[in-house]
>>> print(open('model-v1.csv').read())   # CSV, C-alpha atoms
chain,number,residue,atom,x,y,z
A,26,MET,CA,3.4,-16.0,-21.7
A,27,SER,CA,0.5,-14.5,-23.7
A,28,ALA,CA,-0.2,-17.8,-25.5
A,29,LEU,CA,-2.0,-19.1,-22.4
A,30,PRO,CA,-5.8,-19.1,-23.0
A,31,PHE,CA,-7.1,-17.2,-20.0
A,32,ASP,CA,-6.1,-13.7,-18.9
A,33,THR,CA,-7.4,-11.0,-16.6
A,34,PHE,CA,-6.4,-7.4,-16.1
A,35,LEU,CA,-6.3,-5.2,-13.0
A,36,SER,CA,-5.2,-1.6,-12.7
A,37,ILE,CA,-4.2,-0.3,-9.3
A,38,GLY,CA,-2.5,3.0,-8.8
A,39,ASP,CA,-2.3,3.2,-12.6
A,40,ILE,CA,-0.1,0.1,-12.7
A,41,GLY,CA,-1.4,-2.6,-14.9
A,42,PHE,CA,-1.4,-6.2,-13.7
A,43,ARG,CA,-2.1,-9.0,-16.3
A,44,THR,CA,-2.5,-12.5,-15.1
A,45,VAL,CA,-2.5,-15.4,-17.6
A,46,SER,CA,-3.1,-19.1,-17.0
A,47,ASP,CA,-4.2,-22.3,-18.6
A,48,ASP,CA,-6.8,-22.6,-15.8
A,49,ARG,CA,-9.7,-20.1,-16.0
A,50,HIS,CA,-10.0,-20.1,-12.2
A,51,LEU,CA,-6.5,-18.6,-11.9
A,52,ALA,CA,-7.2,-15.9,-14.4
A,53,SER,CA,-10.9,-15.1,-13.8
A,54,ARG,CA,-12.2,-11.6,-13.7
A,55,ALA,CA,-11.8,-10.1,-10.3
A,56,GLY,CA,-14.9,-9.8,-8.0
A,57,GLY,CA,-15.6,-8.1,-4.7
A,58,PRO,CA,-13.6,-5.0,-4.0
A,59,LEU,CA,-11.3,-5.8,-6.8
A,60,GLU,CA,-14.1,-5.6,-9.4
A,61,PRO,CA,-13.9,-1.8,-9.9
A,62,PHE,CA,-10.2,-2.3,-10.6
A,63,ALA,CA,-10.7,-5.0,-13.2
A,64,ALA,CA,-10.6,-4.5,-17.0
A,65,ASP,CA,-11.1,-6.7,-20.0
A,66,HIS,CA,-7.9,-5.4,-21.6
A,67,GLY,CA,-5.3,-2.9,-20.6
A,68,ARG,CA,-1.7,-2.0,-20.4
A,69,ALA,CA,0.4,-4.5,-18.5
A,70,ASP,CA,3.2,-3.2,-16.5
A,71,VAL,CA,3.6,-6.6,-14.9
A,72,GLU,CA,2.6,-9.9,-16.5
A,73,ILE,CA,2.0,-12.9,-14.1
A,74,ARG,CA,1.7,-16.5,-15.2
A,75,ALA,CA,-0.2,-18.6,-12.7
A,76,ARG,CA,-0.4,-22.3,-12.5
A,77,TRP,CA,-1.0,-25.2,-10.2
A,78,THR,CA,1.7,-27.5,-8.8
A,79,ASP,CA,1.5,-30.8,-7.1
A,80,THR,CA,5.1,-30.6,-5.9
A,81,PRO,CA,5.7,-27.4,-4.1
A,82,ALA,CA,9.4,-26.8,-3.6
A,83,GLU,CA,11.4,-24.6,-1.4
A,84,SER,CA,12.9,-21.8,-3.4
A,85,GLY,CA,16.6,-21.9,-3.8
A,86,GLY,CA,18.8,-18.8,-3.7
A,87,ARG,CA,20.0,-16.4,-1.0
A,88,MET,CA,17.6,-15.4,1.7
A,89,VAL,CA,17.2,-11.6,1.6
A,90,PHE,CA,14.2,-11.1,3.8
A,91,ASP,CA,12.1,-13.0,6.3
A,92,SER,CA,8.8,-11.2,7.2
A,93,GLY,CA,8.6,-13.3,10.4
A,94,ALA,CA,5.1,-14.3,9.3
A,95,ALA,CA,3.6,-15.5,6.0
A,96,TRP,CA,6.4,-14.9,3.5
A,97,GLN,CA,10.1,-15.0,2.9
A,98,LEU,CA,12.1,-13.6,0.0
A,99,ARG,CA,15.1,-15.1,-1.6
A,100,GLN,CA,17.2,-13.9,-4.6
A,101,SER,CA,18.7,-16.1,-7.3
A,102,ASP,CA,20.3,-15.0,-10.6
A,103,GLY,CA,18.8,-11.6,-10.1
A,104,ASP,CA,15.3,-12.9,-9.7
A,105,PHE,CA,13.2,-12.5,-6.6
A,106,LEU,CA,11.7,-15.7,-5.1
A,107,PHE,CA,8.8,-15.4,-2.7
A,108,THR,CA,7.7,-18.3,-0.5
A,109,PHE,CA,4.3,-18.2,1.3
A,110,ARG,CA,3.4,-20.5,4.2
A,111,SER,CA,0.4,-20.7,6.5
A,112,SER,CA,0.0,-22.1,9.9
A,113,ILE,CA,-2.2,-24.8,8.4
A,114,GLY,CA,0.3,-26.0,5.8
A,115,GLY,CA,3.3,-26.1,8.1
A,116,THR,CA,6.6,-26.1,6.3
A,117,VAL,CA,5.1,-26.8,2.9
A,118,PRO,CA,4.6,-23.5,1.0
A,119,TYR,CA,1.1,-23.0,-0.3
A,120,LYS,CA,2.4,-20.6,-2.9
A,121,THR,CA,5.7,-19.6,-4.5
A,122,ALA,CA,6.4,-16.7,-6.9
A,123,ARG,CA,9.3,-15.8,-9.0
A,124,PHE,CA,9.7,-12.3,-10.4
A,125,ASN,CA,12.4,-10.8,-12.6
A,126,SER,CA,14.5,-8.0,-11.1
A,127,GLY,CA,12.3,-5.3,-12.6
A,128,PHE,CA,9.0,-6.9,-11.5
A,129,THR,CA,7.7,-6.8,-15.0
A,130,GLU,CA,7.3,-10.6,-15.2
A,131,GLY,CA,6.4,-13.2,-12.7
A,132,ASP,CA,5.6,-16.8,-12.3
A,133,VAL,CA,3.2,-17.9,-9.5
A,134,GLN,CA,2.7,-21.5,-8.5
A,135,LEU,CA,-0.1,-22.6,-6.2
A,136,TYR,CA,0.1,-25.9,-4.3
A,137,ARG,CA,-3.0,-27.7,-5.5
A,138,ARG,CA,-3.6,-29.7,-2.4
A,139,HIS,CA,-3.6,-26.7,-0.2
A,140,PHE,CA,-6.5,-25.2,-2.1
A,141,GLU,CA,-8.6,-28.3,-2.5
A,142,GLY,CA,-12.2,-27.5,-1.8
A,143,HIS,CA,-11.7,-23.8,-2.7
A,144,LEU,CA,-10.8,-24.1,-6.3
A,145,SER,CA,-13.9,-22.4,-7.7
A,146,ASP,CA,-13.4,-19.0,-6.2
A,147,ALA,CA,-10.7,-18.9,-3.7
A,148,ALA,CA,-7.5,-19.5,-5.6
A,149,TYR,CA,-6.5,-16.0,-6.5
A,150,PRO,CA,-2.8,-16.0,-7.5
A,151,LEU,CA,-2.1,-12.5,-6.3
A,152,GLN,CA,-3.8,-13.0,-3.0
A,153,TYR,CA,-2.5,-10.9,-0.1
A,154,PRO,CA,0.2,-10.3,0.6
A,155,LEU,CA,1.6,-11.0,-2.9
A,156,ASP,CA,-0.5,-8.3,-4.5
A,157,GLU,CA,0.8,-5.6,-2.2
A,158,LEU,CA,4.4,-7.0,-2.3
A,159,VAL,CA,4.4,-6.7,-6.1
A,160,MET,CA,3.0,-3.2,-5.9
A,161,ILE,CA,5.5,-1.9,-3.3
A,162,HIS,CA,8.4,-3.3,-5.4
A,163,LEU,CA,7.1,-1.6,-8.5
A,164,LEU,CA,6.5,1.7,-6.7
A,165,SER,CA,9.9,1.7,-5.1
A,166,GLN,CA,11.5,2.0,-8.5
A,167,GLY,CA,10.9,5.7,-8.1
A,168,LYS,CA,7.2,5.7,-9.1
A,169,GLY,CA,5.8,6.5,-5.6
A,170,VAL,CA,4.8,4.8,-2.4
A,171,GLU,CA,1.9,2.8,-0.9
A,172,ILE,CA,0.7,4.5,2.3
A,173,HIS,CA,-1.3,3.2,5.3
A,174,GLY,CA,-4.0,5.8,5.1
A,175,CYS,CA,-7.5,6.8,4.3
A,176,GLY,CA,-8.0,8.9,1.2
A,177,LEU,CA,-10.8,11.1,0.1
A,178,LEU,CA,-11.5,13.1,-3.1
A,179,ASP,CA,-13.4,16.3,-3.5
A,180,ARG,CA,-15.4,17.6,-6.5
A,181,ALA,CA,-12.4,19.6,-7.7
A,182,GLY,CA,-10.3,16.4,-7.9
A,183,ARG,CA,-8.2,17.3,-4.8
A,184,ALA,CA,-7.2,14.3,-2.7
A,185,TYR,CA,-6.7,14.4,1.1
A,186,LEU,CA,-4.8,11.8,3.0
A,187,PHE,CA,-5.5,10.8,6.6
A,188,VAL,CA,-2.5,8.7,7.6
A,189,GLY,CA,-2.0,6.4,10.5
A,190,GLN,CA,-1.2,3.0,11.7
A,191,SER,CA,-3.7,0.4,12.8
A,192,GLY,CA,-6.1,1.8,15.4
A,193,ALA,CA,-5.3,5.5,14.5
A,194,GLY,CA,-8.8,6.0,13.1
A,195,LYS,CA,-8.6,5.6,9.4
A,196,SER,CA,-11.9,3.7,9.0
A,197,THR,CA,-13.5,5.9,11.6
A,198,MET,CA,-12.5,9.0,9.7
A,199,ALA,CA,-13.7,7.4,6.4
A,200,ARG,CA,-17.1,6.6,7.9
A,201,LEU,CA,-17.6,10.2,9.0
A,202,TRP,CA,-17.2,11.4,5.4
A,203,VAL,CA,-19.4,8.7,3.7
A,204,ASP,CA,-22.5,10.8,3.6
A,205,GLU,CA,-20.8,14.1,2.9
A,206,ALA,CA,-21.9,15.6,-0.4
A,207,GLY,CA,-19.3,16.2,-3.1
A,208,VAL,CA,-16.8,13.8,-1.4
A,209,SER,CA,-15.9,10.3,-2.4
A,210,LEU,CA,-13.7,7.9,-0.5
A,211,LEU,CA,-10.6,6.4,-2.3
A,212,SER,CA,-9.9,4.0,0.5
A,213,ASP,CA,-10.2,3.6,4.2
A,214,GLU,CA,-6.9,1.7,4.5
A,215,ARG,CA,-4.4,1.9,1.7
A,216,VAL,CA,-3.6,4.6,-0.9
A,217,VAL,CA,-1.0,4.8,-3.6
A,218,LEU,CA,0.9,8.0,-4.1
A,219,ARG,CA,2.5,8.5,-7.5
A,220,THR,CA,5.3,11.0,-7.2
A,221,ASP,CA,6.3,10.4,-10.8
A,222,ARG,CA,3.2,12.5,-11.7
A,223,ASP,CA,3.1,16.2,-11.6
A,224,PRO,CA,1.3,17.2,-9.4
A,225,ILE,CA,1.5,14.2,-7.1
A,226,ALA,CA,-1.4,11.8,-7.7
A,227,VAL,CA,-3.3,9.8,-5.1
A,228,TYR,CA,-5.1,6.5,-6.1
A,229,GLY,CA,-7.5,4.4,-4.2
A,230,THR,CA,-6.7,0.7,-3.8
A,231,PRO,CA,-8.8,-2.5,-3.3
A,232,TRP,CA,-7.1,-3.1,0.0
A,233,GLN,CA,-9.8,-1.9,2.3
A,234,GLY,CA,-10.1,-1.5,6.0
A,235,ASP,CA,-12.9,-2.0,8.5
A,236,ALA,CA,-15.2,0.5,6.7
A,237,GLN,CA,-14.8,-1.6,3.5
A,238,LEU,CA,-14.3,1.4,1.2
A,239,ALA,CA,-12.3,1.1,-2.0
A,240,SER,CA,-12.4,3.0,-5.2
A,241,PRO,CA,-10.1,3.1,-8.3
A,242,GLN,CA,-10.6,6.9,-8.5
A,243,SER,CA,-7.6,9.3,-8.2
A,244,GLY,CA,-6.9,12.9,-7.5
A,245,THR,CA,-4.1,15.4,-7.0
A,246,LEU,CA,-2.6,15.4,-3.5
A,247,ALA,CA,-3.7,18.5,-1.6
A,248,ALA,CA,-3.0,17.9,2.0
A,249,VAL,CA,-1.9,15.2,4.5
A,250,PHE,CA,-3.3,14.8,8.0
A,251,PHE,CA,-1.7,12.5,10.5
A,252,LEU,CA,-4.3,10.9,12.7
A,253,ASN,CA,-4.4,11.1,16.5
A,254,ARG,CA,-7.4,10.3,18.6
A,255,GLY,CA,-8.5,13.0,20.9
A,256,ALA,CA,-11.3,14.3,23.1
A,257,THR,CA,-11.8,17.3,20.9
A,258,HIS,CA,-10.8,18.3,17.4
A,259,ALA,CA,-7.6,20.2,16.6
A,260,VAL,CA,-5.4,20.7,13.6
A,261,ALA,CA,-1.8,21.9,13.8
A,262,PRO,CA,0.8,22.3,11.1
A,263,LEU,CA,3.6,19.8,11.2
A,264,ARG,CA,7.2,20.4,10.5
A,265,ARG,CA,8.5,18.8,7.4
A,266,SER,CA,11.1,16.6,9.3
A,267,ARG,CA,8.4,15.4,11.6
A,268,ALA,CA,5.9,14.8,8.7
A,269,ALA,CA,8.6,12.9,6.8
A,270,ALA,CA,9.2,10.6,9.7
A,271,ARG,CA,5.6,9.9,10.3
A,272,LEU,CA,4.8,9.4,6.7
A,273,PHE,CA,7.7,6.9,6.3
A,274,SER,CA,6.5,5.0,9.4
A,275,CYS,CA,3.2,4.5,7.5
A,276,ALA,CA,4.8,3.6,4.2
A,277,PHE,CA,5.2,0.1,2.8
A,278,VAL,CA,8.7,-0.3,1.6
A,279,PRO,CA,10.8,-3.3,0.4
A,280,PHE,CA,13.1,-3.1,3.4
A,281,HIS,CA,15.5,-5.7,2.0
A,282,SER,CA,16.8,-3.2,-0.5
A,283,ALA,CA,18.8,-0.2,0.6
A,284,ALA,CA,18.3,1.4,-2.8
A,285,ALA,CA,14.5,1.0,-2.6
A,286,VAL,CA,14.5,2.5,0.9
A,287,ASP,CA,16.6,5.4,-0.4
A,288,ARG,CA,14.2,6.0,-3.3
A,289,THR,CA,11.2,5.8,-0.9
A,290,MET,CA,12.9,8.4,1.4
A,291,MET,CA,13.2,10.7,-1.6
A,292,VAL,CA,9.5,10.1,-2.4
A,293,VAL,CA,8.6,11.0,1.2
A,294,GLU,CA,10.8,14.1,1.0
A,295,GLN,CA,9.0,15.2,-2.2
A,296,VAL,CA,5.6,14.7,-0.6
A,297,VAL,CA,6.3,16.7,2.6
A,298,ARG,CA,8.1,19.4,0.6
A,299,ASP,CA,5.2,19.9,-1.9
A,300,THR,CA,2.2,19.3,0.4
A,301,PRO,CA,0.8,20.9,3.5
A,302,CYS,CA,1.1,18.4,6.4
A,303,HIS,CA,-0.9,18.6,9.6
A,304,ASP,CA,-1.3,16.8,12.9
A,305,LEU,CA,-5.0,16.1,13.4
A,306,TRP,CA,-6.6,15.2,16.7
A,307,PHE,CA,-10.2,14.2,16.4
A,308,ALA,CA,-13.1,12.6,18.3
A,309,PRO,CA,-15.4,10.3,16.3
A,310,ASP,CA,-17.9,13.0,15.5
A,311,ARG,CA,-18.9,14.5,12.2
A,312,SER,CA,-18.2,18.0,13.5
A,313,VAL,CA,-14.6,17.3,12.6
A,314,ILE,CA,-15.6,17.9,9.0
A,315,GLU,CA,-16.2,21.5,9.7
A,316,VAL,CA,-12.8,21.9,11.4
A,317,LEU,CA,-11.1,20.2,8.5
A,318,ALA,CA,-12.9,22.2,5.9
A,319,ARG,CA,-10.8,25.2,6.9
A,320,HIS,CA,-7.7,23.3,5.9
A,321,MET,CA,-9.0,21.8,2.7
A,322,GLU,CA,-9.4,24.6,0.3
B,61,MET,CA,32.3,40.6,0.5
B,62,ASP,CA,31.7,44.0,2.0
B,63,ASP,CA,30.6,44.7,5.5
B,64,THR,CA,27.0,45.4,4.5
B,65,THR,CA,26.5,42.1,2.8
B,66,ALA,CA,28.2,40.2,5.7
B,67,ASN,CA,25.9,42.0,8.2
B,68,GLU,CA,22.8,41.1,6.1
B,69,GLN,CA,23.8,37.4,6.0
B,70,ARG,CA,24.3,37.4,9.8
B,71,GLN,CA,20.9,38.9,10.3
B,72,GLU,CA,19.3,36.2,8.1
B,73,LYS,CA,20.7,33.4,10.2
B,74,LYS,CA,18.1,31.5,12.1
B,75,PRO,CA,18.6,31.2,15.8
B,76,TYR,CA,20.2,28.0,16.9
B,77,ALA,CA,17.7,25.4,17.9
B,78,LYS,CA,19.0,22.4,19.9
B,79,PRO,CA,18.3,19.2,18.1
B,80,GLU,CA,15.6,17.0,19.6
B,81,ILE,CA,15.1,13.3,19.3
B,82,GLN,CA,11.4,12.5,18.6
B,83,GLU,CA,10.3,8.9,18.5
B,84,VAL,CA,8.0,7.7,15.7
B,85,PRO,CA,6.5,4.3,16.4
B,86,LEU,CA,7.0,1.6,13.9
B,87,ARG,CA,4.9,-1.5,13.6
B,88,PRO,CA,7.1,-4.2,12.0
B,89,ASP,CA,4.3,-6.7,11.4
B,90,GLU,CA,2.3,-4.0,9.5
B,91,ALA,CA,5.3,-2.5,7.7
B,92,VAL,CA,6.3,-5.8,6.2
B,93,LEU,CA,2.8,-6.9,5.2
B,94,GLY,CA,3.2,-9.8,7.6
B,95,GLY,CA,-0.3,-10.0,9.0
B,96,CYS,CA,-3.9,-10.2,7.8
B,97,LYS,CA,-6.8,-7.9,8.0
B,98,THR,CA,-10.0,-9.6,8.7
B,99,ALA,CA,-12.1,-7.0,7.1
B,100,SER,CA,-10.0,-6.7,4.0
B,101,VAL,CA,-10.6,-8.5,0.8
B,102,SER,CA,-7.9,-9.4,-1.5
B,103,GLY,CA,-9.1,-12.0,-4.0
B,104,PRO,CA,-12.2,-12.4,-6.0
B,105,ALA,CA,-15.0,-11.9,-3.5
B,106,GLN,CA,-13.1,-13.4,-0.7
B,107,HIS,CA,-11.9,-12.3,2.7
B,108,ARG,CA,-8.2,-12.4,3.3
B,109,CYS,CA,-8.5,-14.6,6.3
B,110,THR,CA,-11.1,-17.1,5.1
B,111,LEU,CA,-8.7,-19.1,3.1
B,112,PRO,CA,-6.1,-21.6,4.4
B,113,SER,CA,-3.5,-19.2,3.3
B,114,ALA,CA,-1.5,-16.3,4.8
B,115,CYS,CA,-3.1,-15.8,8.2
B,116,THR,CA,-0.6,-16.3,10.9
B,117,MET,CA,-1.5,-13.1,12.7
B,118,THR,CA,-4.1,-10.4,12.5
B,119,THR,CA,-3.7,-6.7,12.2
B,120,SER,CA,-6.2,-4.0,11.7
>>> encode(input="model-v1.csv", output="structure tokens")
Amino acid sequence: MSALPFDTFLSIGDIGFRTVSDDRHLASRAGGPLEPFAADHGRADVEIRARWTDTPAESGGRMVFDSGAAWQLRQSDGDFLFTFRSSIGGTVPYKTARFNSGFTEGDVQLYRRHFEGHLSDAAYPLQYPLDELVMIHLLSQGKGVEIHGCGLLDRAGRAYLFVGQSGAGKSTMARLWVDEAGVSLLSDERVVLRTDRDPIAVYGTPWQGDAQLASPQSGTLAAVFFLNRGATHAVAPLRRSRAAARLFSCAFVPFHSAAAVDRTMMVVEQVVRDTPCHDLWFAPDRSVIEVLARHME
Amino acid sequence: MDDTTANEQRQEKKPYAKPEIQEVPLRPDEAVLGGCKTASVSGPAQHRCTLPSACTMTTS
């Protein structure tokens, strides 16, 4: 795999992704929000070989999960086989990916015809949702969990999570903090929690939301706030059982695997056991910062 | 176990609280990474939904 002439590295959540290819377009240094996560060299937890194909084929194997949208997952000889389709391409997959059971090696094939006219900058082998699918499979090995949440970091290296599904106010909350001194935003959309670190570590990701905030920085998890929109601001402590349920509902999990779900539940349990969790009601006003400050020390 | 210890244990017991069912909403399309985010960028300087690729629905 390493004999191919072009390679590029990414590090997200302290997990190293190395992509190799015989086409420099498929292994070019990442730009845009991915750029801060790119490196010339690095440790590779997962190695991905990317190449073009002119004959996209339906993967064989046993169907284990159908997302109901862009991707399906099959299993064959212990390997995981992803198939990606779009409304434009119809039944022909525009991309397939095969990973070993440990997600340490993968082979991505892109259907050349599907990407015609976009070759110079658009053919990114790990394009969503494959990037996050690989991440959640790796994390579910007991490393941690990817969470639908906004993360911020204070000067002391403490990280605070604002968790919620779409429309809960993650990007709104992130924007309120943007100009606050001594605070940096890890993400307004997705964060990675590493519970195999002591204390639990929070990492920003390139998968940004409407506020387009993404940083590779990390910190130690200090508190979790579950977002609710309200007319005024209020913070209330949350029982662990309730916090666990809400955190799990905002976790990205390989649902096809009972073992992965079990491990993620243990991760969630660890987070709510070790971390203060609160319900937060807020109006889109910077005065919420003062209210939150009392719970962020 | 003497009577004193048994009494102490009884006193430490929490009062019974009737179990409650609380619903937590799940969003299947979000949870399985099935949709796209128009504001999110996934590849090199590209928007997730500008390519002829994964977009069959949009989430936020």
>>> residues_around(input="model-v1.csv", residues="A:Asp156", least_positions_apart="5", cutoff="12 Å", atoms="only C-alpha atoms", output="number ranges by chain")
A: 35-37, 40-44, 59, 71, 73, 107, 122, 128, 131, 133, 149-151, 161-163, 171, 230-232; B: 93, 101-103, 108
>>> interface_residues(input="model-v1.csv", of="chain A", to="chain B", cutoff="6 Å", atoms="only C-alpha atoms", output="PDB file with C-alpha atoms, in the frame of the given file")
ATOM      1  CA  ALA A  55     -11.800 -10.100 -10.300  1.00  0.00           C
ATOM      2  CA  GLY A  56     -14.900  -9.800  -8.000  1.00  0.00           C
ATOM      3  CA  GLY A  57     -15.600  -8.100  -4.700  1.00  0.00           C
ATOM      4  CA  SER A  92       8.800 -11.200   7.200  1.00  0.00           C
ATOM      5  CA  ALA A  94       5.100 -14.300   9.300  1.00  0.00           C
ATOM      6  CA  ALA A  95       3.600 -15.500   6.000  1.00  0.00           C
ATOM      7  CA  SER A 111       0.400 -20.700   6.500  1.00  0.00           C
ATOM      8  CA  SER A 112       0.000 -22.100   9.900  1.00  0.00           C
ATOM      9  CA  TYR A 149      -6.500 -16.000  -6.500  1.00  0.00           C
ATOM     10  CA  GLN A 152      -3.800 -13.000  -3.000  1.00  0.00           C
ATOM     11  CA  TYR A 153      -2.500 -10.900  -0.100  1.00  0.00           C
ATOM     12  CA  SER A 191      -3.700   0.400  12.800  1.00  0.00           C
ATOM     13  CA  GLN A 233      -9.800  -1.900   2.300  1.00  0.00           C
ATOM     14  CA  GLY A 234     -10.100  -1.500   6.000  1.00  0.00           C
ATOM     15  CA  ASP A 235     -12.900  -2.000   8.500  1.00  0.00           C
ATOM     16  CA  SER A 274       6.500   5.000   9.400  1.00  0.00           C
ATOM     17  CA  PHE A 277       5.200   0.100   2.800  1.00  0.00           C
TER      18      PHE A 277
END
>>> residues_near_point(input="model-v1.csv", point="(-12.0, 13.2, 17.0)", cutoff="9 Å", atoms="all atoms listed in the file", output="ChimeraX atom specification")
/A:194,198,253-259,305-313
>>> atom_distance(input="model-v1.csv", atom1="atom CA of A:Ala226", atom2="atom CA of A:Ala268")
18.2 Å
>>> closest_residue(input="model-v1.csv", among="A:Ser266, A:Val203, A:Arg219, A:Gly67", to="B:Glu80", atoms="all atoms listed in the file")
A:Ser266
>>> closest_residue(input="model-v1.csv", among="A:Ser84, A:Thr121, A:Ser46, A:Ser212", to="A:Ser101", atoms="all atoms listed in the file")
A:Ser84
>>> atom_distance(input="model-v1.csv", atom1="atom CA of A:Arg74", atom2="atom CA of A:Glu130")
8.1 Å
>>> residues_near_point(input="model-v1.csv", point="(1.4, -29.2, -6.2)", cutoff="6 Å", atoms="only C-alpha atoms", output="JSON, numbers by chain")
{"A": [78, 79, 80, 81, 136, 137]}
>>> atom_distance(input="model-v1.csv", atom1="atom CA of A:Ala206", atom2="atom CA of A:Gly244")
16.8 Å
>>> closest_residue(input="model-v1.csv", among="A:Arg110, A:Gly192, A:Ala283, A:Val170", to="A:Gly93", atoms="all atoms listed in the file")
A:Arg110
>>> closest_residue(input="model-v1.csv", among="A:Val117, A:Leu98, A:Leu158, A:Ala285", to="A:Glu83", atoms="only C-alpha atoms")
A:Val117
>>> residues_around(input="model-v1.csv", residues="A:Val297", least_positions_apart="3", cutoff="9 Å", atoms="only C-alpha atoms", output="list in words")
Val249, Arg264, Arg265, Ser266, Ala268, Ala269, Leu272, Val292, Val293, Glu294, Thr300, Pro301 and Cys302 of chain A
>>> residues_around(input="model-v1.csv", residues="A:Ala28", least_positions_apart="2", cutoff="10 Å", atoms="only C-alpha atoms", output="ChimeraX atom specification")
/A:26,30-32,45-47
>>> decode(input="model-v1.csv", residues="stretch 289-307 of chain A", atoms="C-alpha atoms", output="compact mmCIF listing (two decimals), in the first residue's frame")
# COMPACT_ATOMS: atom_id res chain seq x y z
CA THR A 289 -20.84 3.06 23.03
CA MET A 290 -23.32 2.70 25.88
CA MET A 291 -20.38 2.08 28.20
CA VAL A 292 -18.66 5.17 26.84
CA VAL A 293 -21.82 7.22 27.42
CA GLU A 294 -22.10 5.80 30.94
CA GLN A 295 -18.50 6.80 31.64
CA VAL A 296 -19.10 10.34 30.38
CA VAL A 297 -22.21 11.00 32.48
CA ARG A 298 -20.62 9.36 35.54
CA ASP A 299 -17.48 11.48 35.41
CA THR A 300 -18.89 14.77 34.11
CA PRO A 301 -21.44 17.30 35.37
CA CYS A 302 -24.41 17.29 33.00
CA HIS A 303 -26.98 20.06 32.77
CA ASP A 304 -30.11 20.98 30.89
CA LEU A 305 -29.70 24.40 29.34
CA TRP A 306 -32.52 26.62 28.10
CA PHE A 307 -31.31 29.68 26.28
